[in-house]
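Next comes protein18.txt, with compact mmCIF, C-alpha atoms.
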```txt
# COMPACT_ATOMS: atom_id res chain seq x y z
CA MET J 1 -22.31 -12.36 0.44
CA PRO J 2 -21.94 -11.22 4.08
CA ARG J 3 -18.37 -11.27 5.40
CA PRO J 4 -19.05 -13.58 8.40
CA LEU J 5 -20.53 -16.13 5.99
CA LEU J 6 -17.48 -15.88 3.72
CA ALA J 7 -15.19 -16.36 6.71
CA ALA J 8 -17.16 -19.41 7.82
CA ILE J 9 -16.90 -20.96 4.35
CA PHE J 10 -13.15 -20.30 4.27
CA PHE J 11 -12.51 -21.92 7.66
CA LEU J 12 -14.73 -24.86 6.76
CA PHE J 13 -12.74 -25.58 3.61
CA ALA J 14 -9.31 -24.35 4.77
CA PRO J 15 -7.91 -27.87 5.35
CA ALA J 16 -8.93 -28.83 1.81
CA PHE J 17 -7.27 -25.68 0.40
CA ALA J 18 -4.10 -26.46 2.32
CA LEU J 19 -4.04 -30.05 1.15
CA ALA J 20 -4.72 -29.18 -2.48
CA GLY J 21 -1.09 -28.11 -3.03
CA GLU J 22 0.48 -31.07 -1.24
CA PRO J 23 1.38 -34.15 -3.29
CA SER J 24 0.11 -37.50 -2.00
CA GLN J 25 2.50 -40.21 -0.82
CA ASP J 26 1.88 -42.12 -4.05
CA GLU J 27 2.79 -39.01 -6.06
CA LEU J 28 5.95 -38.55 -3.99
CA LYS J 29 6.94 -42.17 -4.64
CA LYS J 30 6.39 -41.72 -8.37
CA LYS J 31 8.43 -38.53 -8.35
CA LYS J 32 11.33 -40.29 -6.65
CA GLU J 33 11.17 -43.16 -9.14
CA GLU J 34 11.38 -40.61 -11.97
CA VAL J 35 14.49 -39.00 -10.48
CA LEU J 36 16.10 -42.42 -10.06
CA LYS J 37 15.65 -43.07 -13.78
CA ASP J 38 18.08 -40.25 -14.58
CA PRO J 39 20.73 -41.58 -17.01
CA PHE J 40 23.62 -40.18 -14.94
CA LEU J 41 22.98 -42.86 -12.31
CA LYS J 42 23.71 -45.53 -14.92
CA LYS J 43 26.97 -43.99 -16.07
CA ALA J 44 28.91 -44.73 -12.88
CA PRO J 45 28.59 -47.08 -9.89
CA TRP J 46 26.43 -44.84 -7.69
CA THR J 47 24.91 -46.24 -4.53
CA LEU J 48 21.70 -44.98 -2.95
CA ASP J 49 22.51 -46.74 0.31
CA TYR J 50 24.10 -44.39 2.86
CA ASP J 51 25.36 -47.16 5.16
CA LYS J 52 26.91 -48.97 2.21
CA ALA J 53 28.66 -45.77 1.12
CA LEU J 54 30.17 -45.27 4.59
CA ALA J 55 31.16 -48.94 4.85
CA GLU J 56 32.93 -48.63 1.51
CA ALA J 57 34.74 -45.51 2.76
CA VAL J 58 35.98 -47.48 5.79
CA LYS J 59 37.06 -50.35 3.55
CA THR J 60 38.87 -48.28 0.92
CA GLY J 61 40.04 -45.37 3.06
CA LYS J 62 38.59 -43.02 0.45
CA PRO J 63 35.96 -40.35 1.15
CA VAL J 64 32.39 -40.51 -0.11
CA PHE J 65 31.44 -38.28 -3.02
CA ALA J 66 27.86 -37.42 -2.10
CA TYR J 67 25.35 -35.89 -4.49
CA PHE J 68 22.25 -34.55 -2.77
CA THR J 69 19.19 -33.86 -4.85
CA ARG J 70 15.42 -33.94 -4.33
CA SER J 71 12.32 -35.38 -5.91
CA PHE J 72 9.56 -33.73 -3.88
CA ALA J 73 9.70 -30.54 -5.91
CA PRO J 74 10.94 -29.63 -9.40
CA MET M 267 32.42 -44.19 -3.44
CA LEU M 268 29.68 -42.34 -5.29
CA PHE M 269 26.58 -41.83 -3.20
CA CYS M 270 23.37 -40.25 -4.46
CA HIS M 271 20.73 -39.11 -2.01
CA VAL M 272 17.25 -38.05 -3.05
CA THR M 273 15.20 -36.14 -0.49
CA SER M 274 11.68 -37.33 -1.24
CA HIS M 275 9.43 -36.41 1.71
CA ILE M 276 8.08 -39.97 1.54
CA GLU M 277 6.90 -41.07 4.99
CA ASN M 278 9.21 -43.50 6.81
CA GLU M 279 11.78 -43.34 4.01
CA PRO M 280 15.15 -44.23 5.57
CA ASN M 281 17.54 -41.28 5.90
CA ASP M 282 15.14 -38.90 4.15
CA LYS M 283 16.38 -36.04 6.36
CA LEU M 284 20.03 -36.83 5.70
CA PHE M 285 20.68 -33.67 3.67
CA GLU M 286 19.18 -31.52 6.42
CA GLN M 287 21.36 -33.35 8.97
CA LYS M 288 24.44 -32.51 6.92
CA GLY M 289 23.64 -28.82 7.03
CA GLY M 290 21.39 -28.66 4.00
CA GLY M 291 21.40 -25.75 1.61
CA GLY M 292 20.17 -25.62 -1.95
CA TYR M 293 19.56 -28.57 -4.24
CA PRO M 294 21.59 -30.05 -5.73
CA THR M 295 24.61 -30.03 -3.41
CA ILE M 296 27.78 -32.06 -3.73
CA MET M 297 29.69 -32.92 -0.58
CA MET M 298 32.65 -35.04 0.39
CA LEU M 299 32.02 -37.14 3.49
CA ASP M 300 34.44 -39.10 5.64
CA GLU M 301 33.86 -42.69 6.79
CA LYS M 302 31.75 -41.44 9.71
CA GLY M 303 29.59 -39.32 7.43
CA ASP M 304 31.09 -36.01 8.56
CA MET M 305 31.34 -33.36 5.88
CA ILE M 306 34.95 -32.75 4.85
CA GLY M 307 34.32 -30.83 1.63
CA LYS M 308 31.57 -29.03 -0.22
CA HIS M 309 31.57 -28.28 -3.92
CA SER M 310 30.82 -24.78 -5.11
CA GLY M 311 31.06 -23.18 -8.49
CA GLU M 312 31.06 -24.85 -11.86
CA ARG M 313 30.66 -28.60 -12.23
CA SER M 314 33.86 -29.10 -14.18
CA VAL M 315 36.77 -31.48 -13.70
CA ALA M 316 39.01 -28.59 -12.63
CA GLU M 317 36.54 -27.40 -9.97
CA PHE M 318 35.88 -30.95 -8.73
CA GLU M 319 39.62 -31.45 -8.38
CA LYS M 320 39.77 -28.32 -6.21
CA THR M 321 36.97 -29.67 -4.00
CA VAL M 322 38.66 -33.05 -3.63
CA GLY M 323 41.97 -31.31 -2.91
CA LYS M 324 40.35 -29.26 -0.17
CA ALA M 325 38.79 -32.39 1.34
CA VAL M 326 42.16 -34.16 1.38
CA ARG M 327 43.71 -31.08 3.02
CA TYR M 328 40.88 -31.05 5.57
CA LEU M 329 41.63 -34.65 6.57
CA ASP M 330 45.33 -33.84 6.88
CA LEU M 331 44.62 -30.78 9.04
CA ARG M 332 42.27 -32.77 11.25
CA LYS M 333 44.91 -35.42 11.83
CA LYS M 334 47.55 -32.82 12.68
CA ALA M 335 45.19 -30.83 14.91
CA GLU M 336 44.25 -34.00 16.80
CA SER M 337 47.92 -34.59 17.49
CA GLY M 338 48.23 -31.12 19.04
CA ASP M 339 49.41 -29.01 16.11
CA LYS M 340 47.93 -25.59 16.96
CA ALA M 341 48.66 -24.01 13.58
CA ALA M 342 46.80 -26.88 11.92
CA GLY M 343 44.00 -26.36 14.46
CA ILE M 344 43.63 -22.75 13.30
CA ASP M 345 43.59 -23.84 9.65
CA LEU M 346 41.01 -26.49 10.52
CA ALA M 347 38.75 -23.95 12.25
CA ILE M 348 38.93 -21.76 9.12
CA ALA M 349 38.14 -24.78 6.92
CA LYS M 350 35.16 -25.69 9.13
CA LEU M 351 33.93 -22.10 8.94
CA GLU M 352 34.18 -22.26 5.16
CA LEU M 353 32.19 -25.51 5.11
CA GLY M 354 29.54 -24.03 7.38
CA SER M 355 30.11 -26.63 10.09
CA LEU M 356 31.24 -23.86 12.46
CA THR M 357 29.68 -20.43 12.92
CA ALA M 358 31.86 -17.35 12.65
CA ASP M 359 31.72 -16.82 16.42
CA ALA M 360 32.60 -20.44 17.21
CA ALA M 361 35.47 -20.44 14.70
CA GLN M 362 36.89 -17.20 16.05
CA LYS M 363 36.63 -18.52 19.62
CA GLN M 364 38.47 -21.72 18.68
CA ILE M 365 41.14 -19.73 16.86
CA ALA M 366 41.63 -17.41 19.86
CA GLU M 367 42.10 -20.44 22.11
CA LEU M 368 44.74 -21.87 19.78
CA GLY M 369 46.84 -18.72 19.43
CA THR M 370 47.38 -15.85 17.06
CA PRO M 371 46.76 -16.57 13.39
CA THR M 372 49.61 -15.90 10.98
CA PRO M 373 49.03 -13.06 8.48
CA GLU M 374 48.20 -15.74 5.85
CA GLN M 375 45.70 -17.42 8.15
CA GLN M 376 44.14 -14.06 9.03
CA ALA M 377 43.82 -13.21 5.34
CA GLN M 378 42.17 -16.58 4.71
CA LEU M 379 39.81 -16.08 7.65
CA ASP M 380 38.88 -12.61 6.40
CA ALA M 381 38.26 -14.02 2.92
CA VAL M 382 35.93 -16.72 4.27
CA LEU M 383 34.06 -14.17 6.40
CA LEU M 384 33.71 -11.88 3.38
CA ASN M 385 32.32 -14.74 1.28
CA GLN M 386 29.78 -15.45 4.01
CA GLU M 387 28.86 -11.76 4.27
CA VAL M 388 28.15 -11.70 0.53
CA MET M 389 25.85 -14.71 0.72
CA ALA M 390 24.08 -13.29 3.81
CA ILE M 391 23.42 -10.00 1.97
CA SER M 392 22.16 -11.87 -1.08
CA LYS M 393 19.88 -14.07 1.03
CA SER M 394 18.42 -11.18 3.02
CA ALA M 395 17.81 -9.14 -0.15
CA GLY M 396 15.72 -11.98 -1.61
CA GLN M 397 14.16 -10.90 -4.89
CA ASP M 398 15.36 -7.33 -4.47
CA ARG M 399 18.66 -8.07 -6.14
CA ALA M 400 19.30 -4.43 -7.00
CA SER M 401 19.54 -3.63 -3.27
CA ALA M 402 22.09 -6.42 -2.83
CA GLY M 403 23.90 -5.10 -5.90
CA LYS M 404 24.03 -1.63 -4.36
CA LYS M 405 25.69 -3.03 -1.23
CA PHE M 406 28.11 -5.08 -3.33
CA SER M 407 28.96 -2.02 -5.37
CA GLU M 408 29.84 -0.22 -2.14
CA MET M 409 31.91 -3.21 -1.01
CA LYS M 410 33.72 -3.20 -4.33
CA THR M 411 34.57 0.49 -3.88
CA ALA M 412 35.94 -0.41 -0.43
CA GLY M 413 38.09 -3.13 -2.03
CA LYS M 414 36.05 -5.97 -0.53
CA ILE M 415 35.64 -8.52 -3.32
CA PRO M 416 34.77 -12.13 -2.49
CA THR M 417 36.97 -14.98 -3.66
CA GLY M 418 34.62 -17.97 -3.45
CA ALA M 419 33.35 -19.21 -6.82
CA THR M 420 29.64 -18.89 -6.00
CA GLU M 421 30.11 -15.74 -3.95
CA TYR M 422 32.11 -14.05 -6.71
CA LEU M 423 29.41 -14.70 -9.30
CA THR M 424 26.62 -13.68 -6.90
CA PHE M 425 28.51 -10.47 -6.15
CA TRP M 426 29.10 -9.37 -9.73
CA ASP M 427 25.78 -10.59 -11.09
CA ASN M 428 23.89 -8.57 -8.50
CA ILE M 429 25.99 -5.54 -9.40
CA THR M 430 24.79 -5.92 -13.00
CA VAL M 431 21.21 -5.82 -11.69
CA TYR M 432 21.92 -2.68 -9.67
CA ALA M 433 23.80 -1.06 -12.57
CA GLU M 434 20.88 -1.77 -14.88
CA ALA M 435 18.47 -0.18 -12.40
CA GLN M 436 20.78 2.86 -12.28
CA ASN M 437 21.39 2.80 -16.04
CA ASP M 438 25.10 2.85 -15.22
CA VAL M 439 26.68 1.43 -18.37
CA THR M 440 30.26 1.52 -17.08
CA MET M 441 29.39 -0.37 -13.90
CA PHE M 442 27.28 -2.87 -15.85
CA GLU M 443 30.03 -3.56 -18.36
CA GLU M 444 32.65 -4.03 -15.65
CA ALA M 445 30.46 -6.44 -13.67
CA LEU M 446 29.40 -8.39 -16.75
CA ALA M 447 33.04 -8.74 -17.81
CA LYS M 448 33.85 -10.24 -14.39
CA VAL M 449 31.02 -12.77 -14.75
CA ARG M 450 32.12 -13.54 -18.30
CA GLU M 451 35.69 -14.23 -17.18
CA LYS M 452 34.39 -17.02 -14.96
CA ILE M 453 31.52 -18.60 -16.88
CA GLY M 454 31.62 -17.01 -20.32
CA GLN M 455 32.78 -20.26 -21.92
CA ASN M 456 29.98 -22.32 -20.41
CA PRO M 457 27.42 -23.13 -23.16
CA SER M 458 24.63 -23.49 -20.61
CA LYS M 459 25.03 -19.80 -19.70
CA LYS M 460 24.51 -18.60 -23.27
CA LYS M 461 20.99 -17.36 -22.58
CA TYR M 462 22.15 -15.48 -19.48
CA PHE M 463 24.70 -13.52 -21.52
CA GLU M 464 22.20 -12.88 -24.32
CA THR M 465 19.79 -11.39 -21.78
CA LYS M 466 22.54 -9.25 -20.28
CA GLU M 467 23.72 -8.06 -23.70
CA ALA M 468 20.14 -7.07 -24.57
CA ALA M 469 19.88 -5.15 -21.31
CA LEU M 470 23.16 -3.39 -22.04
CA LYS M 471 21.98 -2.40 -25.51
CA LYS M 472 18.79 -0.97 -24.01
CA MET M 473 20.79 0.96 -21.41
CA LYS M 474 23.05 2.44 -24.05
CA SER M 475 20.05 3.53 -26.11
CA LYS M 476 18.75 5.49 -23.13
CA LYS M 477 21.96 7.50 -22.87
```
What does the file become when written as structure tokens?
Amino acid sequence: MPRPLLAAIFFLFAPAFALAGEPSQDELKKKKEEVLKDPFLKKAPWTLDYDKALAEAVKTGKPVFAYFTRSFAP
Amino acid sequence: MLFCHVTSHIENEPNDKLFEQKGGGGYPTIMMLDEKGDMIGKHSGERSVAEFEKTVGKAVRYLDLRKKAESGDKAAGIDLAIAKLELGSLTADAAQKQIAELGTPTPEQQAQLDAVLLNQEVMAISKSAGQDRASAGKKFSEMKTAGKIPTGATEYLTFWDNITVYAEAQNDVTMFEEALAKVREKIGQNPSKKKYFETKEAALKKMKSKK
């Protein structure tokens, strides 16, 4: 196949190639739900609400123990 | 208060960029935050009670230093700048500028500052080496010869582990054994690292057979 034709095909479908690897919003929501099912979250009184965590720190005078993880990628 | 944050990349999710705003890094990360949400401690190393206690202790010390520094205690100000540098909330240049404005560090403070800078140098070398861990290991081996050995939990393991990679590439059994012993001292009792040590032992056996 001639190179200019190959290049044209690539540019025509490039957005589709780029999108193929990206999870949809629904997939991202499902992934987050899966992470939130982790048993460790049931073993102690964790909050997922940042403002609530800070308000509690003000109230108790104790710092926030913050665990940062992700769901968008393994 | 225990707070769990999950970066999801879901559109319009409240606070989804919170981790990035706190300075980010690798996942997962454990931080201590004050009531305003400012980072006052960051956990590194093993997730054990002893290591968590160290992190909490450092956070408590940070709050104490901040209070003293705010009331004009210059020595506490220097300690606070070093603590901020360690947390990554100040760059090396900014920390050194603040320290210079506050006075001359004591020998203990200078040693602590040097230790933090060395830890950061180790992580910078490791990051820039990327997958070429043998090249990082070569640099760490040279640092070791110069007596520059990091003290941070993560930095220490990164340092010696990369030396094992370099030693393996060089088929240097003595260097490999020394580095592996240092790693073992720190995490040898951790059952989750069993496979790591099995892989390293197999590599050592192979190296010895080549001799």
Tyr432 (chain M) proximity check over M:Ala377, M:Leu446, M:Ala419, M:Ala358, using all atoms listed in the file: winner is M:Leu446
Just need the residues of chain J within 6 Å of chain M, counting only C-alpha atoms, so spit them out as a ChimeraX atom specification.
/J:46-48,54,57-58,63-72
Here CA of Glu434 (chain M) and CA of Tyr422 (chain M) stand apart by 18.5 Å
The distance between CA of Met389 (chain M) and CA of Glu421 (chain M) is 6.4 Å
Could you list, as a ChimeraX atom specification, every residue within 12 Å of Glu374 (chain M), counting only C-alpha atoms and ignoring same-chain residues fewer than 3 positions away? /M:341,344-345,348,370-371,377-381
Tell me, as an mmCIF file with C-alpha atoms, in the coordinates of the input, which residues lie within 12 Å of Thr440 (chain M), counting all atoms listed in the file; anything in the same chain fewer than 4 positions away does not count.
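Result went into around_25.cif, see below:
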```
data_model
loop_
_atom_site.group_PDB
_atom_site.id
_atom_site.type_symbol
_atom_site.label_atom_id
_atom_site.label_comp_id
_atom_site.auth_asym_id
_atom_site.auth_seq_id
_atom_site.Cartn_x
_atom_site.Cartn_y
_atom_site.Cartn_z
ATOM 1 C CA ILE M 429 25.990 -5.540 -9.400
ATOM 2 C CA THR M 430 24.790 -5.920 -13.000
ATOM 3 C CA TYR M 432 21.920 -2.680 -9.670
ATOM 4 C CA ALA M 433 23.800 -1.060 -12.570
ATOM 5 C CA GLU M 434 20.880 -1.770 -14.880
ATOM 6 C CA GLN M 436 20.780 2.860 -12.280
ATOM 7 C CA GLU M 444 32.650 -4.030 -15.650
ATOM 8 C CA ALA M 445 30.460 -6.440 -13.670
ATOM 9 C CA LEU M 446 29.400 -8.390 -16.750
ATOM 10 C CA ALA M 447 33.040 -8.740 -17.810
ATOM 11 C CA LEU M 470 23.160 -3.390 -22.040
ATOM 12 C CA MET M 473 20.790 0.960 -21.410
ATOM 13 C CA LYS M 474 23.050 2.440 -24.050
ATOM 14 C CA LYS M 477 21.960 7.500 -22.870
#
```
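Here CA of Ala469 (chain M) and CA of Thr420 (chain M) stand 22.8 Å from one another.
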